[in-house]
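Enquirer: My structure is in input29.txt, and what it holds is compact mmCIF, C-alpha atoms:
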```txt
# COMPACT_ATOMS: atom_id res chain seq x y z
CA MET A 263 0.00 0.00 0.00
CA LEU A 264 1.17 3.50 -0.85
CA SER A 265 0.49 6.53 1.30
CA LEU A 266 -1.13 9.67 -0.11
CA ALA A 267 2.26 11.43 -0.17
CA GLU A 268 3.91 8.48 -1.92
CA GLU A 269 1.18 8.43 -4.58
CA ASN A 270 1.70 12.15 -5.19
CA TYR A 271 5.42 11.57 -5.70
CA LEU A 272 4.80 8.78 -8.21
CA LYS A 273 2.42 10.99 -10.17
CA THR A 274 4.93 13.86 -10.11
CA ILE A 275 7.75 11.62 -11.35
CA TYR A 276 5.52 10.26 -14.10
CA HIS A 277 4.61 13.73 -15.37
CA LEU A 278 8.19 15.02 -15.13
CA SER A 279 9.55 11.98 -16.96
CA GLU A 280 7.43 12.56 -20.07
CA SER A 281 5.12 9.62 -19.45
CA GLY A 282 7.75 7.50 -17.74
CA ARG A 283 10.33 7.50 -20.55
CA HIS A 284 13.17 9.48 -18.93
CA ALA A 285 14.95 9.77 -15.59
CA VAL A 286 14.02 12.73 -13.38
CA SER A 287 16.35 14.76 -11.18
CA THR A 288 15.63 15.11 -7.48
CA ASN A 289 15.83 18.90 -7.92
CA ALA A 290 12.99 18.82 -10.46
CA ILE A 291 10.89 16.75 -8.06
CA SER A 292 11.74 19.11 -5.21
CA GLU A 293 10.64 22.12 -7.25
CA MET A 294 7.35 20.56 -8.35
CA GLN A 295 6.56 19.20 -4.89
CA LYS A 296 7.60 22.50 -3.29
CA THR A 297 9.71 20.74 -0.70
CA LYS A 298 13.38 20.47 0.31
CA PRO A 299 15.78 18.21 -1.66
CA ALA A 300 16.56 16.32 1.55
CA SER A 301 12.86 15.44 1.93
CA VAL A 302 12.79 14.24 -1.67
CA SER A 303 15.81 12.02 -1.05
CA ASP A 304 14.09 10.46 1.97
CA MET A 305 10.94 9.78 -0.05
CA ILE A 306 12.87 8.32 -2.98
CA LYS A 307 14.50 5.85 -0.57
CA LYS A 308 11.06 4.81 0.72
CA LEU A 309 9.72 4.39 -2.79
CA SER A 310 12.83 2.46 -3.82
CA ASP A 311 12.37 0.10 -0.87
CA LYS A 312 8.81 -0.54 -2.11
CA GLY A 313 10.09 -1.33 -5.59
CA VAL A 314 8.24 1.45 -7.42
CA VAL A 315 11.27 3.58 -8.39
CA SER A 316 14.96 3.14 -9.07
CA TYR A 317 17.57 5.81 -8.39
CA GLN A 318 21.08 6.26 -9.73
CA LYS A 319 23.30 9.05 -8.46
CA TYR A 320 23.84 11.78 -11.08
CA LYS A 321 21.33 10.05 -13.40
CA GLY A 322 18.09 10.55 -11.51
CA VAL A 323 14.91 8.65 -10.68
CA ASN A 324 13.03 6.21 -12.91
CA LEU A 325 9.69 4.57 -12.28
CA SER A 326 9.80 0.78 -12.23
CA HIS A 327 7.13 -1.14 -14.14
CA LYS A 328 5.23 -1.46 -10.86
CA GLY A 329 5.64 2.28 -10.18
CA LYS A 330 4.48 3.33 -13.64
CA LYS A 331 1.42 1.10 -13.33
CA ALA A 332 0.58 2.68 -9.96
CA ALA A 333 1.08 6.23 -11.30
CA LEU A 334 -1.22 5.56 -14.26
CA GLN A 335 -3.95 4.27 -11.96
CA ILE A 336 -3.74 7.47 -9.89
CA ILE A 337 -3.95 9.56 -13.06
CA ARG A 338 -6.86 7.42 -14.27
CA LYS A 339 -8.81 8.08 -11.07
CA HIS A 340 -8.02 11.80 -11.17
CA ARG A 341 -9.26 12.23 -14.73
CA LEU A 342 -12.36 10.08 -14.25
CA TRP A 343 -13.34 12.15 -11.22
CA GLU A 344 -12.86 15.33 -13.25
CA VAL A 345 -15.27 13.98 -15.88
CA PHE A 346 -17.78 13.10 -13.15
CA LEU A 347 -17.55 16.54 -11.56
CA VAL A 348 -18.04 18.36 -14.86
CA ASP A 349 -20.57 16.09 -16.57
CA LYS A 350 -22.67 14.99 -13.59
CA LEU A 351 -22.27 17.71 -10.95
CA ASN A 352 -22.03 20.68 -13.33
CA PHE A 353 -18.69 22.00 -12.13
CA ASN A 354 -16.78 24.21 -14.54
CA TRP A 355 -13.58 22.76 -16.03
CA ASP A 356 -11.51 25.30 -14.08
CA GLU A 357 -12.96 24.17 -10.73
CA VAL A 358 -12.27 20.44 -10.69
CA HIS A 359 -8.52 19.89 -10.44
CA GLU A 360 -8.10 20.43 -6.70
CA ILE A 361 -11.17 18.33 -5.86
CA ALA A 362 -9.93 15.51 -8.08
CA GLU A 363 -6.55 15.74 -6.31
CA GLN A 364 -8.36 14.59 -3.17
CA LEU A 365 -10.60 11.98 -4.81
CA GLU A 366 -7.75 10.31 -6.75
CA HIS A 367 -6.47 8.67 -3.55
CA ILE A 368 -9.60 6.56 -2.99
CA LYS A 369 -8.36 2.96 -2.97
CA SER A 370 -11.40 0.94 -4.10
CA PRO A 371 -10.79 -0.60 -7.57
CA LEU A 372 -14.47 -1.57 -7.75
CA LEU A 373 -15.56 2.05 -7.24
CA VAL A 374 -13.26 3.20 -10.06
CA LYS A 375 -14.56 0.42 -12.33
CA ARG A 376 -18.18 1.38 -11.60
CA LEU A 377 -17.38 5.08 -12.06
CA ASP A 378 -15.85 4.40 -15.47
CA GLU A 379 -18.91 2.35 -16.46
CA PHE A 380 -21.33 5.01 -15.14
CA LEU A 381 -19.59 7.70 -17.19
CA GLY A 382 -19.72 5.62 -20.39
CA TYR A 383 -15.99 4.81 -20.53
CA PRO A 384 -14.74 8.31 -21.42
CA LYS A 385 -11.45 8.57 -23.33
CA ILE A 386 -10.51 12.14 -22.33
CA ASP A 387 -10.98 14.36 -19.29
CA PRO A 388 -12.54 17.87 -19.40
CA HIS A 389 -9.16 19.36 -20.37
CA GLY A 390 -8.63 16.97 -23.29
CA ASP A 391 -6.09 14.76 -21.51
CA PRO A 392 -6.35 11.01 -22.24
CA ILE A 393 -7.71 8.73 -19.53
CA PRO A 394 -5.73 5.50 -19.00
CA ASP A 395 -7.89 2.38 -19.17
CA GLU A 396 -7.99 -0.14 -16.33
CA ASN A 397 -4.83 -1.77 -17.70
CA GLY A 398 -2.98 1.55 -17.76
CA GLU A 399 -3.09 1.84 -21.55
CA ILE A 400 -3.36 5.33 -23.04
CA THR A 401 -4.66 6.19 -26.49
CA LEU A 402 -2.92 9.37 -27.58
CA GLY A 403 -4.45 11.52 -30.29
CA ILE A 404 -2.27 13.70 -32.48
CA LYS A 405 -2.48 17.26 -31.21
CA ALA A 406 -0.57 20.42 -32.06
CA PRO A 407 -0.50 23.88 -30.49
CA LEU A 408 -2.52 26.47 -32.39
CA THR A 409 0.72 28.38 -33.04
CA GLU A 410 1.79 25.61 -35.46
CA VAL A 411 -1.37 25.87 -37.59
CA SER A 412 -1.49 27.70 -40.91
CA GLN A 413 -3.61 30.79 -41.36
CA GLY A 414 -7.09 30.07 -42.74
CA LYS A 415 -7.20 26.43 -41.61
CA GLU A 416 -10.12 25.31 -39.43
CA MET A 417 -9.12 23.16 -36.43
CA ILE A 418 -10.92 21.64 -33.44
CA LEU A 419 -9.79 22.33 -29.87
CA THR A 420 -9.12 18.92 -28.29
CA GLY A 421 -6.93 19.85 -25.33
CA VAL A 422 -5.11 22.51 -23.36
CA GLU A 423 -1.46 22.52 -22.36
CA ASN A 424 -2.17 24.73 -19.34
CA SER A 425 -4.96 23.50 -17.05
CA GLU A 426 -4.58 26.14 -14.33
CA SER A 427 -7.94 27.54 -13.22
CA ASN A 428 -7.16 31.15 -14.15
CA PHE A 429 -6.27 30.12 -17.73
CA LEU A 430 -9.41 28.01 -18.09
CA ALA A 431 -11.55 30.83 -16.71
CA HIS A 432 -9.95 33.15 -19.30
CA LEU A 433 -10.91 30.72 -22.07
CA ASP A 434 -14.48 30.69 -20.75
CA LYS A 435 -14.60 34.49 -21.08
CA LEU A 436 -13.37 34.19 -24.66
CA GLY A 437 -15.99 31.58 -25.45
CA ILE A 438 -13.39 28.87 -26.12
CA ALA A 439 -14.09 25.30 -24.98
CA LEU A 440 -13.20 21.73 -25.92
CA GLY A 441 -14.78 20.95 -29.27
CA SER A 442 -14.69 24.56 -30.44
CA LYS A 443 -13.91 25.03 -34.12
CA ILE A 444 -11.12 27.61 -34.46
CA THR A 445 -10.02 29.32 -37.65
CA ILE A 446 -6.97 31.61 -37.73
CA ILE A 447 -7.85 34.76 -39.64
CA ASP A 448 -4.64 36.72 -39.12
CA ILE A 449 -1.31 36.36 -37.30
CA ASN A 450 0.53 39.42 -35.98
CA GLU A 451 4.19 39.02 -36.96
CA PHE A 452 5.33 41.42 -34.23
CA ASP A 453 4.15 39.51 -31.16
CA GLY A 454 2.55 36.31 -32.50
CA SER A 455 -0.93 37.31 -31.37
CA MET A 456 -3.81 36.10 -33.53
CA GLN A 457 -7.21 37.08 -34.78
CA VAL A 458 -9.32 33.93 -34.72
CA LYS A 459 -12.90 32.93 -35.34
CA ILE A 460 -14.57 30.57 -32.87
CA LYS A 461 -17.31 28.49 -34.50
CA GLU A 462 -19.73 30.95 -36.11
CA GLY A 463 -18.98 33.84 -33.75
CA LYS A 464 -17.33 37.16 -34.36
CA PRO A 465 -13.52 37.26 -34.70
CA ILE A 466 -11.58 37.75 -31.46
CA PHE A 467 -7.93 38.43 -30.63
CA ILE A 468 -5.84 36.04 -28.55
CA SER A 469 -2.26 36.40 -27.37
CA GLN A 470 0.55 34.07 -28.42
CA GLN A 471 0.65 32.81 -24.83
CA VAL A 472 -2.98 31.70 -25.13
CA ALA A 473 -2.51 30.23 -28.62
CA VAL A 474 0.48 28.08 -27.67
CA ASN A 475 -1.57 26.48 -24.88
CA LEU A 476 -4.47 25.53 -27.18
CA LEU A 477 -4.02 21.99 -28.55
CA VAL A 478 -5.93 21.31 -31.75
CA THR A 479 -6.57 18.61 -34.34
CA GLU A 480 -8.13 18.70 -37.78
```
Turn the structure described in the file into structure tokens.
Expert:
Amino acid sequence: MLSLAEENYLKTIYHLSESGRHAVSTNAISEMQKTKPASVSDMIKKLSDKGVVSYQKYKGVNLSHKGKKAALQIIRKHRLWEVFLVDKLNFNWDEVHEIAEQLEHIKSPLLVKRLDEFLGYPKIDPHGDPIPDENGEITLGIKAPLTEVSQGKEMILTGVENSESNFLAHLDKLGIALGSKITIIDINEFDGSMQVKIKEGKPIFISQQVAVNLLVTE
């Protein structure tokens, strides 16, 4: 059994390692966890003793197969709860992350299985991130930031790179949501800002910082 803190570390390592493919430095973990490097070292030793990570000095931390499987189950629960909160309890997409952070630590596999079934086996969460299935498998769609799209091409918003609540609230004000059809009308060469059309609405202006965080597909 893993403690709540240990689960959070596994999830952090997974995200920092680009889906478990690369080793992660203890400094990067320390920064993301907002804790001291010495505390990270202590936790890594505990996780290593449980067989969920391996650590090599100067090379960093890797998730073991067991650790990656555990991290994906935590992420699965988090994203399923976000879907539940948005679709069934009418939360906004910018309100659910912190609540899901608490709910993701519920241990019951049967509850998660029933939740998945109740929601109709969703493939993505409210932010467009893929939901691992019960075996930890992830189906990744091909997405690109809006800044890589040619002018005049219509794309569909299928995810966001930044899921912080203030950014999502800003998108709500602009009338931008998952599934929105976005067409780039003009790109400002000076600062990379764009004039875009959302669905059938009037053209609006968005900054380059907003555009680079919008993930789209054709």
Enquirer: Considering only C-alpha atoms, return as a PyMOL selection string whatever protein or nucleic-acid residues lie within 9 Å of Lys307 (chain A), sequence-local ones (same chain, fewer than 6 positions apart) excluded.
Expert: chain A and resi 315-317
Enquirer: Quick one, how far is CA of His327 (chain A) from CA of Ser370 (chain A)?
Expert: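 Distance between the two atoms: 21.2 Å.
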Enquirer: How far is it from CA of Gln413 (chain A) to CA of Ile447 (chain A), in Å with one decimal?
Expert: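 For CA of Gln413 (chain A) relative to CA of Ile447 (chain A), the distance reads 6.1 Å.
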Enquirer: Record the distance separating CA of His367 (chain A) and CA of Gln295 (chain A), expressed in Å with one decimal.
Expert: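 Value for the CA of His367 (chain A)-CA of Gln295 (chain A) distance: 16.8 Å.
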Enquirer: Using all atoms listed in the file, find the one residue out of A:Lys435, A:His340, A:Lys461, A:Lys308 that sits nearest to Leu365 (chain A).
Expert: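 Of A:Lys435, A:His340, A:Lys461, A:Lys308, the one nearest Leu365 (chain A) is A:His340, counting all atoms listed in the file.
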Enquirer: Name the residues in contact with Phe467 (chain A) at a cut-off of 9 Å, using only C-alpha atoms, excluding same-chain residues fewer than 4 positions from it; report them as a ChimeraX atom specification.
Expert: /A:455-459
Enquirer: For the residues in that selection, give me C-alpha atoms as a PDB file, in the coordinates of the input.
Expert:
```
ATOM      1  CA  SER A 455      -0.930  37.310 -31.370  1.00  0.00           C
ATOM      2  CA  MET A 456      -3.810  36.100 -33.530  1.00  0.00           C
ATOM      3  CA  GLN A 457      -7.210  37.080 -34.780  1.00  0.00           C
ATOM      4  CA  VAL A 458      -9.320  33.930 -34.720  1.00  0.00           C
ATOM      5  CA  LYS A 459     -12.900  32.930 -35.340  1.00  0.00           C
TER       6      LYS A 459
END
```
Enquirer: Go through region 318-346 of chain A and flag each residue having an atom no more than 12 Å from region 379-385 of chain A; for those, report the closest pair of atoms plus their distance in Å to one decimal, using only C-alpha atoms, ordered by chain and rising number, as CSV.
Expert:
```
residue,atom,partner,partner_atom,distance
A:Arg338,CA,A:Lys385,CA,10.2
A:Lys339,CA,A:Pro384,CA,11.9
A:Arg341,CA,A:Pro384,CA,9.5
A:Leu342,CA,A:Pro384,CA,7.8
A:Trp343,CA,A:Leu381,CA,9.7
A:Glu344,CA,A:Leu381,CA,10.9
A:Val345,CA,A:Leu381,CA,7.7
A:Phe346,CA,A:Leu381,CA,7.0
```
Enquirer: Which is closer to Val411 (chain A) than all the others in A:Ala431, A:Val474, A:Met263, A:Leu309, using all atoms listed in the file?
Expert: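 Of A:Ala431, A:Val474, A:Met263, A:Leu309, the one nearest Val411 (chain A), counting all atoms listed in the file, is A:Val474.
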